[in-house]
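In what follows, a structure is listed as structure tokens, so that the remarks can point back to it.
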Amino acid sequence: MNKWKYWTGSLLLLVTTVTAVLSGCDKPRSPVVLFNEDAIPERLSDWNLVNIIDGGLIPNARVLPYDLNTGLFTDYAHKLRTVWMPTGTSAEYGEEHFNYPVGTVLTKTFYYPRGEGISVLRTENFARDYLEGHSGEALDLQAVRLVETRLLVKRQDGWQAIPYIWNAAQTEAIYEIAGDTSRFKLVSDSGDVSEFTYVVPDANQCAGCHADNFTGKKISPLGPRARHLNRHFSYRSGTENQLLYWQEVGYLRGLPALASLPSQPSYVDTSKPLEDRARAYLDINCGHCHNPAGAADTSGLMLHYGETDWRRMGLCKPPVAAGTGSGGRAFAIVPGEPDHSILNFRVESIDPGAMMPELGRSLVHEEGVNLLRQWVAAMSGNCS
Amino acid sequence: MKTLSYMGVAITLLLASACGQESSSQSNPSTADIGFQKQLLRQLIAAKPGDTIVIPEGEFQIDRSLSLNVDDVTIRGMGMDKSILSFKRQIQGAEGLLVNANDFTIEDLAIEDTVGDALKINEGENIVIRNIRVEWTNGPATENGAYGIYPVQTKNTLVEGSVAIGASDAGIYVGQSRNVIVRNNRAEFNVAGIEIENTIGADVYGNVTTNNTGGILVFNMPNLPQPGHSTRIYSNEIFKNNVGNFGHEGTPVAAVPAGSGIVINSNDRVEIFDNKIADNNTANIVVSSYFTAGYYTDKSTQVDFDPYPEGIYIYNNHFLGGGSSPDHLELKALKVARFGLGGSLPDVLWDGVVDAKKMTEGVLPTHLRLCIDNADTGILNIDFQNNYQNVSTDISAHQCHLEKLPEIVLDFDLPGEETGAGDHLAILEEEDE
């Protein structure tokens with residue numbers, strides 16, 4: 001096919017990336033390769049973004065790990081997120097979206113801490129996931145089981161979603177657009193066991209969440225936005241605000257004064273107001289569809305961060321086309337009554353015809369469910 | 001340079017696998033479902049504009065939602081009883097097939113037993129859904145998926161020659177759309193047979209709806225981007241829609257009385273003519289406001305929502321039977337009190353709720369009225385606003401005429417092409433040769 005163009009493109013990239021000298025790996029490594037849209041390699045390792053080296057999954061130089069204040073719940077999987085941009089390029093700050101340069105590659109690796117035998121762990125303790133001295137950065141393959149790595153690559157005409165699934169031997173992740181399923185036995189910190197089917201979404205389903213502007217169909221990153229990134233991260237050089245660090249390494253320009261930037265709390269940070277934590281949780285878990293341009297605008301229910309109208313947020317709002325999802329309840333939110341609120345019913349359900357979000361989980365997120373119950377229970381008033 | 005040659009291998013591999021995807025489905029339907037599913041998913045994901053994806057004859061088990069995001073794609077089976085996608089073992093996804101694309105055609109296949117909606121088109125222009133069967137094979141049940149054929153926020157949509165059975169909400173549901181034709185379909189054993197909601201410009205004709213809770217519904221719901229108006233319901237057969245309501249409590253259709261032929265709720269400019277409407281035990285036609293449906297509270301409803309059905313025109317229908325055994329206690333009591341044990345409610349049941357603000361000297365302007373020009377058809381005004389105080393069968397205020405609505409025209413719908421499943425099959429077969 002278009003091989004010649006492809007070779008020249010890669011050569012150019014090689015030349016530019018070889019000169020990069022940021023820390024992030026201990027051994028000399030081949031630089032990141034930015035593959036063309038129509039030449040996606042079968043193997044994740046070909047990108048040189050995150051590779052298995054000496055028993056760890058390790059980001060390459062300039063492949064920067066990051067974390068979010070509150071992330072999307074996906075069956076208690078842990079995630080290693082990274083960002084890489086071609087040398088000499090940077091993202092332009094925007095309050096809602098950063099304008100990422102063409103060639104930006106985001107990776108998100110879904111994994112579980114290993115338990116005894118074939119089981120995996122449900123835990124909020126991330127400390128054991130990493131190789132010694134590489135906290136937050138290099139996954140210890142003795143300690144974790146890799147499931148999938150999803151790439152988002154910024155092209156001239158928008159973002160491309162590229163899903164890879166890790167093999168059973170944990171030696172390579174293979175390109176698979178049709179998704180996958182695997183059974184897991186999940187053991188919680190308190191010893192509770194749940195068996196479930198982890199569903200890797202297919203490439204179209206990526207757009208089911210990531211096309212937060214559904215009409216435009218363009219997919220975009222959901223996590224790496226100002227309000228989610230505005231937090232500290234423990235880099236090897238020390239702990240620092242992620243947005244400042246991105247600016248320092250040349251990944252972000254046009255950053256306003258830090259104090260003026262939006263920030264969402266971690267939904268588990270009980271030092272923050274209940275209202276803010278619940279809204280943060282709804283924003284990242286629901287707002288990508290439930291916004292005025294999202295796939296779920298058909299419902300009239302708006303759960304994104306910017307919504308200020310309480311009825312649109314669900315207060316005393318009757319369902320439109322919820323079907324099974326109504327759970328026999330009359331309103332999305334009945335103040336003070338989570339047991340009579342459709343919103344609570346749907347996040348507590350695991351019936352694919354009723355549950356919310358529709359994709360990305362097979363299990364109930366107990367901590368999220370409890371937060372939303374507290375939030376609704378604390379509301380005053382009634383719907384009559 | 002080692003890296004470069006290495007990448008060469010990767011490209012070759014990719015090309016090989018891409019070619020592999022092209023090979024059409026020859027798999028054995030009974031045994032290779034997972035292979036079939038993966039291949040179908042790949043075809044849908046990798047589709048290019050102009051592609052036709054063929055579903056071969058056979059019953060295929062699918063365990064997750066299918067979706068299509070590419071414009072100008074056709075999905076074609078070998079017939080609604082021959083190419084069957086069965087979702088009996090579905091573990092993921094809120095619908096069978098979810099489409100977000102323009103210029104989409106799906107025809108000649110069946111989608112069975114999805115956990116949620118069967119076929120959902122969410123945003124798209126120029127949509128053709130033809131000779132599709134959606135069915136919950138266990139029959140009517142609350143745990144069935146909500147919608148069978150479900151275009152929402154679409155423009156220029158044709159649903160024809162299709163069959164919808166067993167939906168716990170609506171068999172064929174067109175929501176928040178513009179310019180729609182629903183014709184020559186059959187809807188049976190759903191809560192709502194055919195429902196047009198918050199849609200602007202719909203022609204619903206040549207359909208058969210029977211054994212639903214309600215045959216054909218035209219609704220407006222609040223809190224949505226678009227209120228609907230201008231629907232014509234004509235030349236349909238709407239009979240014996242007497243199945244007990246098995247909708248989920250809380251959903252709008254759960255309030256529909258069993259035995260409703262046509263239900264207009266809160267919608268404006270609806271024309272009902274030339275239909276055969278028979279033996280619907282509550283009433284052959286129900287016209288009601290959002291208040292009567294039981295959903296209205298100030299808190300639940302956007303301020304500018306219009307809850308009144310206005311400009312409803314009923315003429316030249318053929319009514320037979322109906323109203324003999326109404327659902328809901330108040331209606332039962334009313335029937336016995338007013339028409340006797342062996343009597344029946346009239347063909348048109350109206351809640352009598354009108355917008356007093358729009359009246360001049362105590363009457364509504366004609367264009368907002370419920371007009372009936374239908375031989376000796378009767379009406380029952382239940383005076384819902386005053387708690388059934390002035391129940392009336394006086395039809396004089398309804399003896400009026402309204403300006404007729406224009407026909408819906410779809411550019412891709414050939415003029416003069418009289419449709420029926422058979423004709424379309426013949427045309428398709430010609431195209432194939």
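So you can find residues: chains in the structure tokens are A, B, ... in the order shown, residues in each start at 1, and ligands are numbered from 1 in order.
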- At most 6 Å to chain A: residues in chain B, only C-alpha atoms, as a list in words: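 Only these qualify: Ala10, Lys38, Leu41, Arg42, Ile45, Gln92, Gly93, Ala94, Val115, Gly116, Ala146, Asn223, Leu224, His248, Glu249, Gly250 and Ser300 of chain B.
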Show me, as a tab-separated table, the residues of segment 220-321 of chain A having an atom within 9 Å of segment 136-160 of chain A, each with the closest atom pair and its distance in Å, using only C-alpha atoms.
residue	atom	partner	partner_atom	distance
A:Ser220	CA	A:Trp159	CA	6.1
A:Pro221	CA	A:Leu152	CA	7.4
A:Phe233	CA	A:Gly136	CA	8.2
A:Ser234	CA	A:Gly136	CA	7.1
A:Tyr235	CA	A:Gly136	CA	7.7
- Note on the structure: Restricting to only C-alpha atoms, whichever of B:Asn317, B:Asn100, B:Thr114, B:Asn190 is closest to Gln61 of chain B is B:Thr114
- Query: Which neighbours of Pro257 of chain B fall inside 8 Å, counting only C-alpha atoms, when residues of the same chain fewer than 4 positions from it are skipped, and could you give them as a ChimeraX atom specification?
  - Reply: /B:213-214,245,282,326-328
Within 8 Å of Val187 of chain A, counting only C-alpha atoms, which residues qualify if same-chain residues fewer than 2 places away don't, as a PDB file with C-alpha atoms, in the first residue's frame?
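And here's part_15.pdb as it stands now:
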ATOM      1  CA  GLY A 115      -4.129 -12.590  44.246  1.00  0.00           C
ATOM      2  CA  SER A 119      -7.572 -14.776  41.467  1.00  0.00           C
ATOM      3  CA  VAL A 120      -7.109 -11.046  41.153  1.00  0.00           C
ATOM      4  CA  LEU A 121      -7.565  -8.405  43.816  1.00  0.00           C
ATOM      5  CA  ARG A 122     -10.096  -5.704  44.412  1.00  0.00           C
ATOM      6  CA  LYS A 185     -12.277 -14.248  40.174  1.00  0.00           C
ATOM      7  CA  ASP A 189      -9.494  -6.721  50.757  1.00  0.00           C
ATOM      8  CA  SER A 190     -12.002  -8.209  53.162  1.00  0.00           C
ATOM      9  CA  GLY A 191     -11.927 -11.578  51.393  1.00  0.00           C
ATOM     10  CA  ASP A 192     -15.221 -11.357  49.485  1.00  0.00           C
ATOM     11  CA  VAL A 193     -15.074 -13.264  46.220  1.00  0.00           C
ATOM     12  CA  SER A 194     -16.968 -12.336  43.080  1.00  0.00           C
TER      13      SER A 194
END
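Note that atom CA of Gly311 of chain B and atom CA of Asp355 of chain B are 12.3 Å apart.
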